[in-house]
$ cat upload02.cif   # mmCIF, C-alpha atoms (C1' of nucleotides)
data_final
loop_
_atom_site.group_PDB
_atom_site.id
_atom_site.type_symbol
_atom_site.label_atom_id
_atom_site.label_comp_id
_atom_site.auth_asym_id
_atom_site.auth_seq_id
_atom_site.Cartn_x
_atom_site.Cartn_y
_atom_site.Cartn_z
ATOM 1 C CA MET A 1 80.587 104.300 99.948
ATOM 2 C CA ASP A 2 83.380 103.208 97.686
ATOM 3 C CA LEU A 3 86.984 103.938 98.422
ATOM 4 C CA ILE A 4 86.843 106.180 95.373
ATOM 5 C CA ASP A 5 84.279 108.431 97.010
ATOM 6 C CA GLU A 6 86.149 108.238 100.288
ATOM 7 C CA VAL A 7 89.284 109.559 98.651
ATOM 8 C CA ARG A 8 87.425 112.233 96.730
ATOM 9 C CA SER A 9 85.652 113.343 99.872
ATOM 10 C CA THR A 10 88.843 113.304 101.904
ATOM 11 C CA VAL A 11 90.737 115.355 99.352
ATOM 12 C CA ASN A 12 87.913 117.870 99.213
ATOM 13 C CA THR A 13 88.290 118.182 102.981
ATOM 14 C CA ILE A 14 91.714 119.715 102.576
ATOM 15 C CA PRO A 15 91.319 123.515 102.992
ATOM 16 C CA ASP A 16 93.016 126.108 100.846
ATOM 17 C CA GLY A 17 96.648 126.663 101.623
ATOM 18 C CA LYS A 18 96.993 123.111 102.930
ATOM 19 C CA VAL A 19 98.117 119.869 101.314
ATOM 20 C CA ALA A 20 98.251 116.167 102.114
ATOM 21 C CA SER A 21 100.498 113.337 101.052
ATOM 22 C CA TYR A 22 99.292 110.046 99.593
ATOM 23 C CA SER A 23 100.315 108.222 102.723
ATOM 24 C CA ASP A 24 98.409 110.705 104.881
ATOM 25 C CA ILE A 25 95.193 110.082 103.007
ATOM 26 C CA GLY A 26 95.932 106.387 102.918
ATOM 27 C CA ALA A 27 96.511 106.280 106.646
ATOM 28 C CA HIS A 28 93.299 108.200 107.225
ATOM 29 C CA LEU A 29 91.320 105.763 105.118
ATOM 30 C CA GLY A 30 93.228 102.757 106.362
ATOM 31 C CA VAL A 31 94.840 101.764 103.078
ATOM 32 C CA GLY A 32 98.296 101.846 101.536
ATOM 33 C CA PRO A 33 99.516 104.969 99.703
ATOM 34 C CA ARG A 34 99.733 102.970 96.515
ATOM 35 C CA ARG A 35 95.977 102.536 96.590
ATOM 36 C CA ILE A 36 95.514 106.287 96.894
ATOM 37 C CA GLY A 37 97.690 106.980 93.892
ATOM 38 C CA ARG A 38 95.757 104.466 91.833
ATOM 39 C CA ILE A 39 92.428 105.924 92.876
ATOM 40 C CA MET A 40 93.566 109.480 92.318
ATOM 41 C CA GLY A 41 94.227 108.505 88.735
ATOM 42 C CA LEU A 42 90.683 107.207 88.436
ATOM 43 C CA LEU A 43 89.158 110.336 89.914
ATOM 44 C CA ASP A 44 88.276 113.297 87.744
ATOM 45 C CA ASP A 45 88.509 117.047 88.038
ATOM 46 C CA ASP A 46 86.234 116.957 91.066
ATOM 47 C CA VAL A 47 89.228 116.428 93.275
ATOM 48 C CA ALA A 48 91.865 118.985 94.156
ATOM 49 C CA TRP A 49 94.663 116.697 92.996
ATOM 50 C CA TRP A 50 97.097 119.576 93.182
ATOM 51 C CA ARG A 51 96.680 119.499 96.976
ATOM 52 C CA VAL A 52 97.886 115.903 97.010
ATOM 53 C CA VAL A 53 101.661 115.686 96.969
ATOM 54 C CA TYR A 54 104.446 113.211 97.705
ATOM 55 C CA SER A 55 105.625 112.819 101.283
ATOM 56 C CA ASP A 56 108.612 114.892 100.245
ATOM 57 C CA GLY A 57 106.348 117.778 99.380
ATOM 58 C CA ARG A 58 106.936 117.611 95.659
ATOM 59 C CA PRO A 59 103.818 117.929 93.473
ATOM 60 C CA ALA A 60 102.584 114.648 92.048
ATOM 61 C CA VAL A 61 103.632 113.227 88.693
ATOM 62 C CA CYS A 62 105.374 116.280 87.305
ATOM 63 C CA HIS A 63 102.552 118.664 87.394
ATOM 64 C CA CYS A 64 105.572 120.704 88.294
ATOM 65 C CA GLY A 65 104.278 123.370 85.983
ATOM 66 C CA THR A 66 100.761 124.088 87.191
ATOM 67 C CA ALA A 67 100.413 122.592 90.666
ATOM 68 C CA PRO A 68 102.961 124.871 92.371
ATOM 69 C CA GLN A 69 101.256 127.809 90.733
ATOM 70 C CA ILE A 70 97.808 126.879 92.028
ATOM 71 C CA LEU A 71 99.137 126.013 95.474
ATOM 72 C CA ALA A 72 101.027 129.288 95.707
ATOM 73 C CA ALA A 73 97.875 131.134 94.657
ATOM 74 C CA GLU A 74 96.001 129.463 97.508
ATOM 75 C CA GLY A 75 98.625 130.517 99.978
ATOM 76 C CA THR A 76 100.441 127.226 100.348
ATOM 77 C CA PRO A 77 103.881 127.798 101.894
ATOM 78 C CA PHE A 78 106.645 126.808 99.522
ATOM 79 C CA THR A 79 110.236 125.899 100.171
ATOM 80 C CA GLY A 80 111.874 126.424 96.827
ATOM 81 C CA GLU A 81 110.163 124.003 94.446
ATOM 82 C CA ARG A 82 108.927 121.890 97.330
ATOM 83 C CA VAL A 83 105.808 122.370 99.475
ATOM 84 C CA ALA A 84 106.590 123.104 103.116
ATOM 85 C CA MET A 85 104.865 119.989 104.433
ATOM 86 C CA THR A 86 105.685 120.883 108.030
ATOM 87 C CA HIS A 87 103.426 123.921 107.824
ATOM 88 C CA ALA A 88 101.123 123.039 104.956
ATOM 89 C CA ARG A 89 100.273 119.437 105.890
ATOM 90 C CA HIS A 90 96.556 119.165 106.659
ATOM 91 C CA ARG A 91 95.595 117.216 109.789
ATOM 92 C CA PHE A 92 92.592 114.978 109.187
ATOM 93 C CA ASP A 93 90.135 114.836 112.064
ATOM 94 C "C1'" DA B 1 97.723 81.653 87.250
ATOM 95 C "C1'" DG B 2 101.945 84.479 86.415
ATOM 96 C "C1'" DC B 3 104.411 88.608 85.179
ATOM 97 C "C1'" DC B 4 104.853 93.564 84.525
ATOM 98 C "C1'" DT B 5 103.667 98.243 85.515
ATOM 99 C "C1'" DG B 6 102.356 102.088 88.286
ATOM 100 C "C1'" DA B 7 99.460 109.579 90.546
ATOM 101 C "C1'" DC B 8 104.087 105.913 96.627
ATOM 102 C "C1'" DA B 9 107.043 105.644 100.805
ATOM 103 C "C1'" DG B 10 110.662 104.345 103.976
ATOM 104 C "C1'" DA B 11 115.287 102.620 104.612
ATOM 105 C "C1'" DT B 12 119.931 102.513 103.339
ATOM 106 C "C1'" DA B 13 124.383 103.980 101.082
ATOM 107 C "C1'" DG C 1 120.479 116.044 99.277
ATOM 108 C "C1'" DT C 2 120.608 112.350 95.668
ATOM 109 C "C1'" DA C 3 120.410 107.533 94.074
ATOM 110 C "C1'" DT C 4 118.806 102.738 94.680
ATOM 111 C "C1'" DC C 5 116.140 98.963 96.530
ATOM 112 C "C1'" DT C 6 112.358 96.838 98.516
ATOM 113 C "C1'" DG C 7 107.481 96.369 100.128
ATOM 114 C "C1'" DC C 8 102.488 97.069 99.127
ATOM 115 C "C1'" DC C 9 98.007 96.783 96.425
ATOM 116 C "C1'" DA C 10 95.598 96.649 92.019
ATOM 117 C "C1'" DG C 11 94.960 96.329 87.304
ATOM 118 C "C1'" DG C 12 96.205 94.946 82.544
ATOM 119 C "C1'" DC C 13 98.076 91.432 79.371
#

$ encode --input "upload02.cif" --output "structure tokens"
Amino acid sequence: MDLIDEVRSTVNTIPDGKVASYSDIGAHLGVGPRRIGRIMGLLDDDVAWWRVVYSDGRPAVCHCGTAPQILAAEGTPFTGERVAMTHARHRFD
DNA sequence: AGCCTGACAGATA
DNA sequence: GTATCTGCCAGGC
């Protein structure tokens, strides 16, 4: 099981209406957030990248046009242009 | 081998 | 709340 698959699997674990930060996923997998970002870039459309946001709650990379839209459609709580991490952050088991 | 860059985050001012 | 700096891990040149 490569870290790639681990990340993809972990991201797919996030339910609708929830999100996770890079550091959250990284902590869950036992790696630094930087690694997650790198891997996310390698992954394809199989992952719900829009559910992966910065620790601040801002959508990654400036997908600031589509991501918020998808998240809002899934029921993700928003605080202005920022995701309400406090309520939308998914807890990995 | 060395340097630069990058889907990051936390600390500090 | 915004702006800057530093630390971390990999990959490309």

$ residues_around --input "upload02.cif" --residues "Ile25 (chain A)" --least-positions-apart "3" --cutoff "10 Å" --atoms "all atoms listed in the file" --output "list in words"
Glu6, Val7, Thr10, Val11, Ala20, Ser21, Tyr22, His28, Leu29, Gly30, Val31, Gly32, Pro33, Arg35, Ile36, Gly37, Val52, His90, Arg91 and Phe92 of chain A

$ write_last_selection --input "upload02.cif" --atoms "C-alpha atoms" --output "compact mmCIF listing (two decimals), keeping the file's coordinate frame"
# COMPACT_ATOMS: atom_id res chain seq x y z
CA GLU A 6 86.15 108.24 100.29
CA VAL A 7 89.28 109.56 98.65
CA THR A 10 88.84 113.30 101.90
CA VAL A 11 90.74 115.36 99.35
CA ALA A 20 98.25 116.17 102.11
CA SER A 21 100.50 113.34 101.05
CA TYR A 22 99.29 110.05 99.59
CA HIS A 28 93.30 108.20 107.22
CA LEU A 29 91.32 105.76 105.12
CA GLY A 30 93.23 102.76 106.36
CA VAL A 31 94.84 101.76 103.08
CA GLY A 32 98.30 101.85 101.54
CA PRO A 33 99.52 104.97 99.70
CA ARG A 35 95.98 102.54 96.59
CA ILE A 36 95.51 106.29 96.89
CA GLY A 37 97.69 106.98 93.89
CA VAL A 52 97.89 115.90 97.01
CA HIS A 90 96.56 119.16 106.66
CA ARG A 91 95.60 117.22 109.79
CA PHE A 92 92.59 114.98 109.19

$ axis_aligned_box --input "upload02.cif" --around "chain B" --padding-each-side "4 Å" --output "AutoDock Vina command-line options"
--center_x 111.1 --center_y 95.6 --center_z 94.6 --size_x 34.7 --size_y 35.9 --size_z 28.1

$ atom_distance --input "upload02.cif" --atom1 "C1' of DT4 (chain C)" --atom2 "CA of Gly65 (chain A)"
26.7 Å

$ interface_residues --input "upload02.cif" --of "chain B" --to "chain A" --cutoff "10 Å" --atoms "only C-alpha atoms (C1' of nucleotides)" --output "MDAnalysis selection string"
chainID B and resid 6:9

$ resolve_selection --input "upload02.cif" --expression "the PyMOL selection byres ((chain C) within 12 of (chain A))" --output "number ranges by chain"
C: 1, 7-11

$ atom_distance --input "upload02.cif" --atom1 "CA of Ala73 (chain A)" --atom2 "CA of Arg51 (chain A)"
11.9 Å

$ resolve_selection --input "upload02.cif" --expression "the PyMOL selection byres ((chain C and resi 13) around 10)" --output "list in words"
DC3 and DC4 of chain B; DG11 and DG12 of chain C

$ resolve_selection --input "upload02.cif" --expression "the PyMOL selection byres ((chain A and resi 77) around 12)" --output "VMD selection string"
chain A and resid 16 to 19 57 68 to 76 78 to 89

$ atom_distance --input "upload02.cif" --atom1 "CA of Ala67 (chain A)" --atom2 "CA of Asp45 (chain A)"
13.4 Å

$ residues_around --input "upload02.cif" --residues "DT12 (chain B)" --least-positions-apart "3" --cutoff "12 Å" --atoms "only C-alpha atoms (C1' of nucleotides)" --output "ChimeraX atom specification"
/C:3-6

$ write_last_selection --input "upload02.cif" --atoms "C-alpha atoms (C1' of nucleotides)" --output "short mmCIF file (atom, residue, chain, number, x, y, z; two decimals), keeping the file's coordinate frame"
data_model
loop_
_atom_site.label_atom_id
_atom_site.label_comp_id
_atom_site.auth_asym_id
_atom_site.auth_seq_id
_atom_site.Cartn_x
_atom_site.Cartn_y
_atom_site.Cartn_z
"C1'" DA C 3 120.41 107.53 94.07
"C1'" DT C 4 118.81 102.74 94.68
"C1'" DC C 5 116.14 98.96 96.53
"C1'" DT C 6 112.36 96.84 98.52
#

$ decode --input "upload02.cif" --residues "chain B" --atoms "C-alpha atoms (C1' of nucleotides)" --output "short mmCIF file (atom, residue, chain, number, x, y, z; two decimals), in the first residue's frame"
data_model
loop_
_atom_site.label_atom_id
_atom_site.label_comp_id
_atom_site.auth_asym_id
_atom_site.auth_seq_id
_atom_site.Cartn_x
_atom_site.Cartn_y
_atom_site.Cartn_z
"C1'" DA B 1 25.86 16.74 -4.33
"C1'" DG B 2 23.63 21.37 -4.12
"C1'" DC B 3 20.00 24.65 -4.96
"C1'" DC B 4 15.26 25.95 -5.97
"C1'" DT B 5 10.39 25.20 -5.89
"C1'" DG B 6 6.07 23.69 -4.08
"C1'" DA B 7 -1.92 21.34 -3.63
"C1'" DC B 8 1.29 23.43 3.93
"C1'" DA B 9 1.26 24.96 8.82
"C1'" DG B 10 2.45 27.27 13.07
"C1'" DA B 11 4.53 31.22 15.28
"C1'" DT B 12 5.29 35.97 15.52
"C1'" DA B 13 4.63 41.04 14.61
#
